[in-house]
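Visitor: Here it is: the structure, laid out below.
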Amino acid sequence: MTEPDRRRPRLWLQSILLAGLLLCLGCSGHRIRHAPNHHGAAFDFEVPGCSPAFRPAEPPPGNRAVDIRYLGSGGLYVGWGEDSILLGPFFSNPNLYTVLLGSWRKNDAAIERGLEGVPVSKVEAIFAGHSHYDHIGDFPAVLERAPRAHVYVNRAGAHALAPYAANRTTAFEDHPNEWTWLTGPGGEKRPIRFYAVPSVHAPQIDHYLWAKGPVKGDTDFTKPWTSHRFNDLKAGTAFALVIDLLASDNETVRFRFYYQDSANPKGIGEPKDLPGAPHPFDLAVLCMASYDRASKDKGDQPGATLDALKPRHVLATHFEDFLRPQNRPVHFVALLTDARVETYLKTVCDRLGCEAPSGASPTNLICGPSGPRWTMPLPGEWMRFAVP
């Protein structure tokens with residue numbers, strides 16, 4: 001069979017999927033009925049009536065706080081004193097036709113807009129829990145702007161990034177069941193550590209997961225990504241992360257958060273028996289996209305994850321359509337309807353209680369809807385969280 005003949009079945013499958021997804025693009029929402037920080041009024045993401053919050057002023061000396069910026073597509077910037085990390089920075093947002101049938105390319109203007117105001121040159125580490133294009137697709141461009149940053153991804157991501165960062169990439173699979181500290185230029189420990197928890201990526205449509213499995217041949221890419229298609233960036237093994245922000249002794253936990261960039265089934269991706277002294281989860285950063293498909297077989301998501309973590313606050317992310325141009329109004333990802341978002345937020349309240357302030361919400365005024373137990377930030381939104 002010739003090379004074009006081998007490709008034809010895959011192109012037919014992608015064409016059918018493209019047609020199905022195009023029909024589903026209208027099957028999404030953009031509005032929630034009740035935003036506590038807007039006097040309980042409805043909030044429309046397409047017409048929010050406010051702009052994403054700017055970065056708050058530096059706190060007084062001795063009052064450490066956690067600064068987080070939501071970058072979109074589940075991505076975050078996290079600042080902790082002089083230390084900072086990025087998780088899944090992605091801004092290029094190609095359209096669906098390009099993703100399914102075109103070759104890889106980035107959008108430099110969108111990347112510049114997305115990173116504006118982020119001290120990316122000082123970032124010490126960049127993470128992604130899995131290696132679909134909407135999580136690592138802009139890594140080559142971001143790494144050019146972050147010369148100090150080490151990359152932590154799964155094996156599939158490490159193989160894909162070999163042409164760009166082979167000498168500064170670590171695969172989660174190489175350090176199972178242990179804490180890993182970020183290190184400075186001289187190898188000294190920095191006050192941030194992480195623990196990778198094996199997980200499973202929920203399917204996007206029914207039981208179908210696009211671009212699943214390892215990269216072709218389970219070997220390093222030898223050519224730049226411009227020689228590849230978007231679906232060559234395979235998901236690989238999904239991981240959730242427990243990230244600790246530490247005191248100056250690099251051991252005492254001051255703020256612990258859980259991060260997932262793909263919804264997981266019940267009982268998977270939940271941290272159990274973490275080494276060291278126990279500490280509550282101050283924040284859970286959860287992926288809203290496909291949460292209902294994660295529940296399809298075993299049910300009860302995000303409830304099962306909330307029961308396992310019991311976080312003080314939930315940051316609901318990866319809810320917006322990443323196939324739209326970055327400068328267009330926000331609406332929810334395909335198949336995530338207004339009703340499904342309402343069900344998600346109700347589950348958070350049912351599990352954690354939303355009747356009274358928890359003391360764990362962002363301390364600054366933000367535009368996106370936010371309540372005592374949950375926040376849905378607009379892309380670009382800055383949030384500050386107090387250290388208990």
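In the structure tokens, each chain is lettered A, B, ... as it comes, each chain's residues begin at 1, and ligands are numbered from 1 in order of appearance.
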Once DSSP has gone over the backbone, tell me which residues of segment 315-356 of chain A are in alpha helix (DSSP H), as a tab-separated table (two decimals) with C-alpha atoms, in the first residue's frame.
Guide:
```tsv
chain	number	residue	atom	x	y	z
A	338	ASP	CA	-25.20	26.29	30.09
A	339	ALA	CA	-27.09	23.50	31.84
A	340	ARG	CA	-23.98	21.35	32.20
A	341	VAL	CA	-22.04	24.27	33.67
A	342	GLU	CA	-24.85	24.89	36.15
A	343	THR	CA	-24.79	21.20	37.14
A	344	TYR	CA	-21.03	21.38	37.66
A	345	LEU	CA	-21.22	24.45	39.90
A	346	LYS	CA	-24.15	22.96	41.83
A	347	THR	CA	-22.05	19.85	42.50
A	348	VAL	CA	-19.26	22.02	43.89
A	349	CYS	CA	-21.71	23.71	46.22
A	350	ASP	CA	-23.37	20.46	47.23
A	351	ARG	CA	-20.03	18.88	48.12
A	352	LEU	CA	-18.23	21.85	49.66
```
Visitor: Do a neighbour search on segment 89-96 of chain A at 9 Å with only C-alpha atoms, toss out local chain neighbours closer than 5 positions, and write the hits as a PyMOL selection string.
Guide: chain A and resi 18+21-22+71-77+101+105-115+126-128+133-139+142+321-326
Visitor: Residues as selected, N, CA and C atoms, written as an mmCIF file, in the first residue's frame, can you do that?
Guide:
```cif
data_model
loop_
_atom_site.group_PDB
_atom_site.id
_atom_site.type_symbol
_atom_site.label_atom_id
_atom_site.label_comp_id
_atom_site.auth_asym_id
_atom_site.auth_seq_id
_atom_site.Cartn_x
_atom_site.Cartn_y
_atom_site.Cartn_z
ATOM 1 N N LEU A 18 -14.702 15.835 11.801
ATOM 2 C CA LEU A 18 -14.809 17.272 11.557
ATOM 3 C C LEU A 18 -16.261 17.674 11.337
ATOM 4 N N LEU A 21 -18.128 17.506 14.648
ATOM 5 C CA LEU A 21 -17.792 18.579 15.577
ATOM 6 C C LEU A 21 -18.332 19.920 15.098
ATOM 7 N N LEU A 22 -18.311 20.151 13.784
ATOM 8 C CA LEU A 22 -18.874 21.400 13.267
ATOM 9 C C LEU A 22 -20.349 21.514 13.614
ATOM 10 N N LEU A 71 -4.587 31.683 31.946
ATOM 11 C CA LEU A 71 -4.110 31.977 30.600
ATOM 12 C C LEU A 71 -5.075 31.519 29.516
ATOM 13 N N GLY A 72 -6.061 30.700 29.879
ATOM 14 C CA GLY A 72 -6.951 30.097 28.895
ATOM 15 C C GLY A 72 -6.525 28.670 28.584
ATOM 16 N N SER A 73 -7.465 27.856 28.086
ATOM 17 C CA SER A 73 -7.222 26.459 27.729
ATOM 18 C C SER A 73 -6.622 25.668 28.888
ATOM 19 N N GLY A 74 -6.997 26.027 30.106
ATOM 20 C CA GLY A 74 -6.510 25.340 31.293
ATOM 21 C C GLY A 74 -5.154 25.798 31.765
ATOM 22 N N GLY A 75 -4.529 26.766 31.083
ATOM 23 C CA GLY A 75 -3.186 27.208 31.435
ATOM 24 C C GLY A 75 -3.160 28.204 32.574
ATOM 25 N N LEU A 76 -2.058 28.194 33.342
ATOM 26 C CA LEU A 76 -1.901 29.090 34.488
ATOM 27 C C LEU A 76 -0.486 29.652 34.545
ATOM 28 N N TYR A 77 -0.384 30.859 35.073
ATOM 29 C CA TYR A 77 0.866 31.380 35.628
ATOM 30 C C TYR A 77 0.690 31.396 37.140
ATOM 31 N N LEU A 101 -7.015 18.739 9.725
ATOM 32 C CA LEU A 101 -6.510 18.453 8.386
ATOM 33 C C LEU A 101 -5.256 19.234 8.009
ATOM 34 N N ARG A 105 1.183 24.878 13.181
ATOM 35 C CA ARG A 105 1.741 26.225 13.123
ATOM 36 C C ARG A 105 1.322 26.969 14.379
ATOM 37 N N LYS A 106 2.089 28.003 14.712
ATOM 38 C CA LYS A 106 1.798 28.809 15.892
ATOM 39 C C LYS A 106 1.353 30.202 15.456
ATOM 40 N N ASN A 107 0.817 30.936 16.433
ATOM 41 C CA ASN A 107 0.366 32.309 16.199
ATOM 42 C C ASN A 107 1.167 33.217 17.120
ATOM 43 N N ASP A 108 2.247 33.794 16.606
ATOM 44 C CA ASP A 108 3.140 34.593 17.448
ATOM 45 C C ASP A 108 2.434 35.795 18.060
ATOM 46 N N ALA A 109 1.536 36.425 17.310
ATOM 47 C CA ALA A 109 0.833 37.598 17.849
ATOM 48 C C ALA A 109 -0.034 37.190 19.035
ATOM 49 N N ALA A 110 -0.722 36.053 18.918
ATOM 50 C CA ALA A 110 -1.566 35.581 20.023
ATOM 51 C C ALA A 110 -0.714 35.203 21.228
ATOM 52 N N ILE A 111 0.451 34.607 20.993
ATOM 53 C CA ILE A 111 1.339 34.244 22.102
ATOM 54 C C ILE A 111 1.818 35.490 22.825
ATOM 55 N N GLU A 112 2.184 36.523 22.070
ATOM 56 C CA GLU A 112 2.624 37.774 22.698
ATOM 57 C C GLU A 112 1.501 38.392 23.525
ATOM 58 N N ARG A 113 0.280 38.402 22.976
ATOM 59 C CA ARG A 113 -0.856 38.947 23.736
ATOM 60 C C ARG A 113 -1.097 38.134 24.998
ATOM 61 N N GLY A 114 -1.052 36.810 24.876
ATOM 62 C CA GLY A 114 -1.355 35.954 26.016
ATOM 63 C C GLY A 114 -0.349 36.075 27.140
ATOM 64 N N LEU A 115 0.910 36.354 26.806
ATOM 65 C CA LEU A 115 1.964 36.442 27.818
ATOM 66 C C LEU A 115 2.216 37.874 28.283
ATOM 67 N N ILE A 126 7.951 24.844 33.428
ATOM 68 C CA ILE A 126 6.733 24.814 32.625
ATOM 69 C C ILE A 126 6.209 23.386 32.633
ATOM 70 N N PHE A 127 4.915 23.224 32.915
ATOM 71 C CA PHE A 127 4.301 21.916 33.084
ATOM 72 C C PHE A 127 3.154 21.723 32.084
ATOM 73 N N ALA A 128 2.867 20.466 31.799
ATOM 74 C CA ALA A 128 1.606 20.075 31.163
ATOM 75 C C ALA A 128 1.277 18.669 31.636
ATOM 76 N N TYR A 133 -2.211 19.127 21.631
ATOM 77 C CA TYR A 133 -1.679 20.395 21.125
ATOM 78 C C TYR A 133 -2.159 21.600 21.924
ATOM 79 N N ASP A 134 -3.385 21.527 22.497
ATOM 80 C CA ASP A 134 -3.923 22.690 23.202
ATOM 81 C C ASP A 134 -3.316 22.856 24.591
ATOM 82 N N HIS A 135 -2.308 22.051 24.907
ATOM 83 C CA HIS A 135 -1.577 22.212 26.166
ATOM 84 C C HIS A 135 -0.083 22.429 25.939
ATOM 85 N N ILE A 136 0.507 21.744 24.941
ATOM 86 C CA ILE A 136 1.940 21.944 24.715
ATOM 87 C C ILE A 136 2.234 22.586 23.359
ATOM 88 N N GLY A 137 1.201 22.916 22.593
ATOM 89 C CA GLY A 137 1.412 23.404 21.228
ATOM 90 C C GLY A 137 2.224 24.680 21.121
ATOM 91 N N ASP A 138 2.213 25.521 22.145
ATOM 92 C CA ASP A 138 3.000 26.756 22.117
ATOM 93 C C ASP A 138 4.291 26.653 22.924
ATOM 94 N N PHE A 139 4.612 25.469 23.430
ATOM 95 C CA PHE A 139 5.833 25.324 24.228
ATOM 96 C C PHE A 139 7.094 25.785 23.484
ATOM 97 N N VAL A 142 7.170 29.537 23.742
ATOM 98 C CA VAL A 142 7.296 30.005 25.122
ATOM 99 C C VAL A 142 8.699 29.733 25.645
ATOM 100 N N ASP A 321 -14.016 27.824 24.669
ATOM 101 C CA ASP A 321 -13.721 27.255 23.362
ATOM 102 C C ASP A 321 -12.332 27.709 22.908
ATOM 103 N N PHE A 322 -11.399 26.764 22.778
ATOM 104 C CA PHE A 322 -10.039 27.100 22.359
ATOM 105 C C PHE A 322 -9.876 26.979 20.840
ATOM 106 N N LEU A 323 -10.987 26.816 20.109
ATOM 107 C CA LEU A 323 -10.951 26.848 18.648
ATOM 108 C C LEU A 323 -11.319 28.232 18.114
ATOM 109 N N ARG A 324 -11.718 29.142 18.997
ATOM 110 C CA ARG A 324 -12.040 30.492 18.574
ATOM 111 C C ARG A 324 -10.759 31.325 18.585
ATOM 112 N N PRO A 325 -10.654 32.350 17.738
ATOM 113 C CA PRO A 325 -9.511 33.260 17.845
ATOM 114 C C PRO A 325 -9.447 33.870 19.241
ATOM 115 N N GLN A 326 -8.241 34.091 19.722
ATOM 116 C CA GLN A 326 -8.047 34.535 21.106
ATOM 117 C C GLN A 326 -8.735 35.869 21.393
#
```
Visitor: List every residue of segment 133-374 of chain A that DSSP, applied to the backbone of this structure, places in strand (DSSP E or B), and write the result as an MDAnalysis selection string.
Guide: chainID A and resid 150:153 169:171 180:183 189:198 205 208 229 239:246 253:259 283:287 314:317 320 332 370 374
Visitor: Please produce a file of those selected residues containing C-alpha atoms, as a tab-separated table (two decimals), in the first residue's frame.
Guide:
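This is the output file result07.tsv:
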```
chain	number	residue	atom	x	y	z
A	150	HIS	CA	12.81	23.41	32.89
A	151	VAL	CA	9.98	21.43	31.28
A	152	TYR	CA	7.99	18.71	33.06
A	153	VAL	CA	5.66	16.68	30.83
A	169	THR	CA	12.89	18.24	29.79
A	170	THR	CA	11.93	15.66	32.41
A	171	ALA	CA	9.20	13.05	31.90
A	180	THR	CA	10.36	16.68	42.88
A	181	TRP	CA	11.73	20.08	43.93
A	182	LEU	CA	12.41	22.85	41.46
A	183	THR	CA	16.07	23.83	41.51
A	189	LYS	CA	16.25	23.64	46.02
A	190	ARG	CA	13.61	26.27	45.36
A	191	PRO	CA	10.43	26.56	47.50
A	192	ILE	CA	8.18	24.77	44.98
A	193	ARG	CA	7.78	21.02	44.64
A	194	PHE	CA	5.36	18.76	42.76
A	195	TYR	CA	4.05	15.20	42.81
A	196	ALA	CA	2.72	13.67	39.57
A	197	VAL	CA	-0.38	11.45	39.88
A	198	PRO	CA	-1.18	9.10	36.95
A	205	ILE	CA	-17.19	12.62	22.18
A	208	TYR	CA	-13.78	8.62	21.57
A	229	ARG	CA	0.28	17.65	12.00
A	239	PHE	CA	-1.15	13.16	34.90
A	240	ALA	CA	-2.66	15.33	37.60
A	241	LEU	CA	-0.27	17.35	39.75
A	242	VAL	CA	-0.06	18.20	43.42
A	243	ILE	CA	2.00	21.39	43.73
A	244	ASP	CA	3.29	22.69	47.05
A	245	LEU	CA	4.42	26.25	47.65
A	246	LEU	CA	6.86	26.04	50.52
A	253	VAL	CA	3.93	23.58	53.07
A	254	ARG	CA	2.33	27.03	52.98
A	255	PHE	CA	-0.11	26.51	50.10
A	256	ARG	CA	-1.05	23.26	48.34
A	257	PHE	CA	-3.00	23.03	45.11
A	258	TYR	CA	-4.16	20.27	42.81
A	259	TYR	CA	-4.00	20.76	39.05
A	283	LEU	CA	-7.09	25.14	45.88
A	284	ALA	CA	-8.23	22.61	43.27
A	285	VAL	CA	-7.73	23.67	39.64
A	286	LEU	CA	-10.18	21.45	37.75
A	287	CYS	CA	-10.88	20.93	34.06
A	314	VAL	CA	-12.15	25.42	43.24
A	315	LEU	CA	-10.78	27.15	40.17
A	316	ALA	CA	-12.89	25.87	37.25
A	317	THR	CA	-10.84	26.07	34.04
A	320	GLU	CA	-13.87	28.10	27.06
A	332	PHE	CA	-17.96	27.44	26.25
A	370	SER	CA	-16.80	33.84	41.64
A	374	TRP	CA	-15.60	28.41	43.19
```
Visitor: As an exercise, work out the distance from atom CA of His39 of chain A to atom CA of Ala53 of chain A in Å and give it to one decimal place.
Guide: 17.5 Å
Visitor: For Ser103 of chain A, which residue out of A:Trp225, A:Phe54, A:Tyr164, A:Tyr291 is the nearest one, using only C-alpha atoms?
Guide: A:Trp225
Visitor: Any idea what the distance is between atom CA of Asn264 of chain A and atom CA of Ala386 of chain A?
Guide: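 Separation between atom CA of Asn264 of chain A and atom CA of Ala386 of chain A: 28.1 Å.
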Visitor: With only C-alpha atoms as the counted atoms, please give the residues lying no more than 7 Å from Arg312 of chain A, apart from itself and same-chain residues fewer than 4 positions off, as a list of chain:residue names.
Guide: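 After dropping sequence-adjacent residues, the list is A:Phe281, A:Asp282, A:Leu283, A:Ser358, A:Ala360, A:Arg373.
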Visitor: How far is it from atom CA of His159 of chain A to atom CA of Pro140 of chain A, in Å with one decimal?
Guide: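 Rounded to one decimal, the two atoms are 13.1 Å apart.
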Visitor: Mind checking which residues fall within 10 Å of Ala57 of chain A, counting only C-alpha atoms, ignoring those fewer than 2 positions away in the same chain, and posting them as a list in words?
Guide: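 Near Ala57 of chain A, the qualifying residues are Phe54, Arg55, Pro59, Pro60, Asn364 and Arg384 of chain A.
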Visitor: Keeping only C-alpha atoms, write the selected residues as a PDB file, in the first residue's frame.
Guide:
```
ATOM      1  CA  PHE A  54      -5.111  43.334  36.426  1.00  0.00           C
ATOM      2  CA  ARG A  55      -2.342  41.930  38.587  1.00  0.00           C
ATOM      3  CA  PRO A  59       1.564  42.683  49.149  1.00  0.00           C
ATOM      4  CA  PRO A  60       3.247  44.329  52.150  1.00  0.00           C
ATOM      5  CA  ASN A 364      -8.953  40.872  44.767  1.00  0.00           C
ATOM      6  CA  ARG A 384      -4.537  36.576  44.405  1.00  0.00           C
TER       7      ARG A 384
END
```
Visitor: Report as number ranges by chain all protein, DNA and RNA residues lying within 8 Å of segment 130-132 of chain A, evaluated on only C-alpha atoms, omitting residues in the same chain fewer than 3 positions from it.
Guide: A: 135-137, 153-154, 156-157, 211, 231, 233-239, 261-262
Visitor: Grab the residues selected above and save them as a PDB file, in the first residue's frame with C-alpha atoms.
Guide:
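Writing done, so here's result-v3.pdb:
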```
ATOM      1  CA  HIS A 135      -1.577  22.212  26.166  1.00  0.00           C
ATOM      2  CA  ILE A 136       1.940  21.944  24.715  1.00  0.00           C
ATOM      3  CA  GLY A 137       1.412  23.404  21.228  1.00  0.00           C
ATOM      4  CA  VAL A 153       5.661  16.679  30.834  1.00  0.00           C
ATOM      5  CA  ASN A 154       4.743  13.077  30.171  1.00  0.00           C
ATOM      6  CA  ALA A 156       4.857  11.632  24.831  1.00  0.00           C
ATOM      7  CA  GLY A 157       5.486  15.327  25.420  1.00  0.00           C
ATOM      8  CA  ALA A 211      -4.966  11.790  19.379  1.00  0.00           C
ATOM      9  CA  ASN A 231      -2.622  15.113  15.875  1.00  0.00           C
ATOM     10  CA  LEU A 233       1.102  15.629  19.363  1.00  0.00           C
ATOM     11  CA  LYS A 234      -0.394  12.625  21.122  1.00  0.00           C
ATOM     12  CA  ALA A 235      -1.973  12.841  24.562  1.00  0.00           C
ATOM     13  CA  GLY A 236       0.216  10.124  26.103  1.00  0.00           C
ATOM     14  CA  THR A 237      -0.421   9.222  29.730  1.00  0.00           C
ATOM     15  CA  ALA A 238      -2.378  11.917  31.534  1.00  0.00           C
ATOM     16  CA  PHE A 239      -1.153  13.161  34.899  1.00  0.00           C
ATOM     17  CA  ASP A 261      -5.770  19.693  32.599  1.00  0.00           C
ATOM     18  CA  SER A 262      -8.119  16.850  31.657  1.00  0.00           C
TER      19      SER A 262
END
```
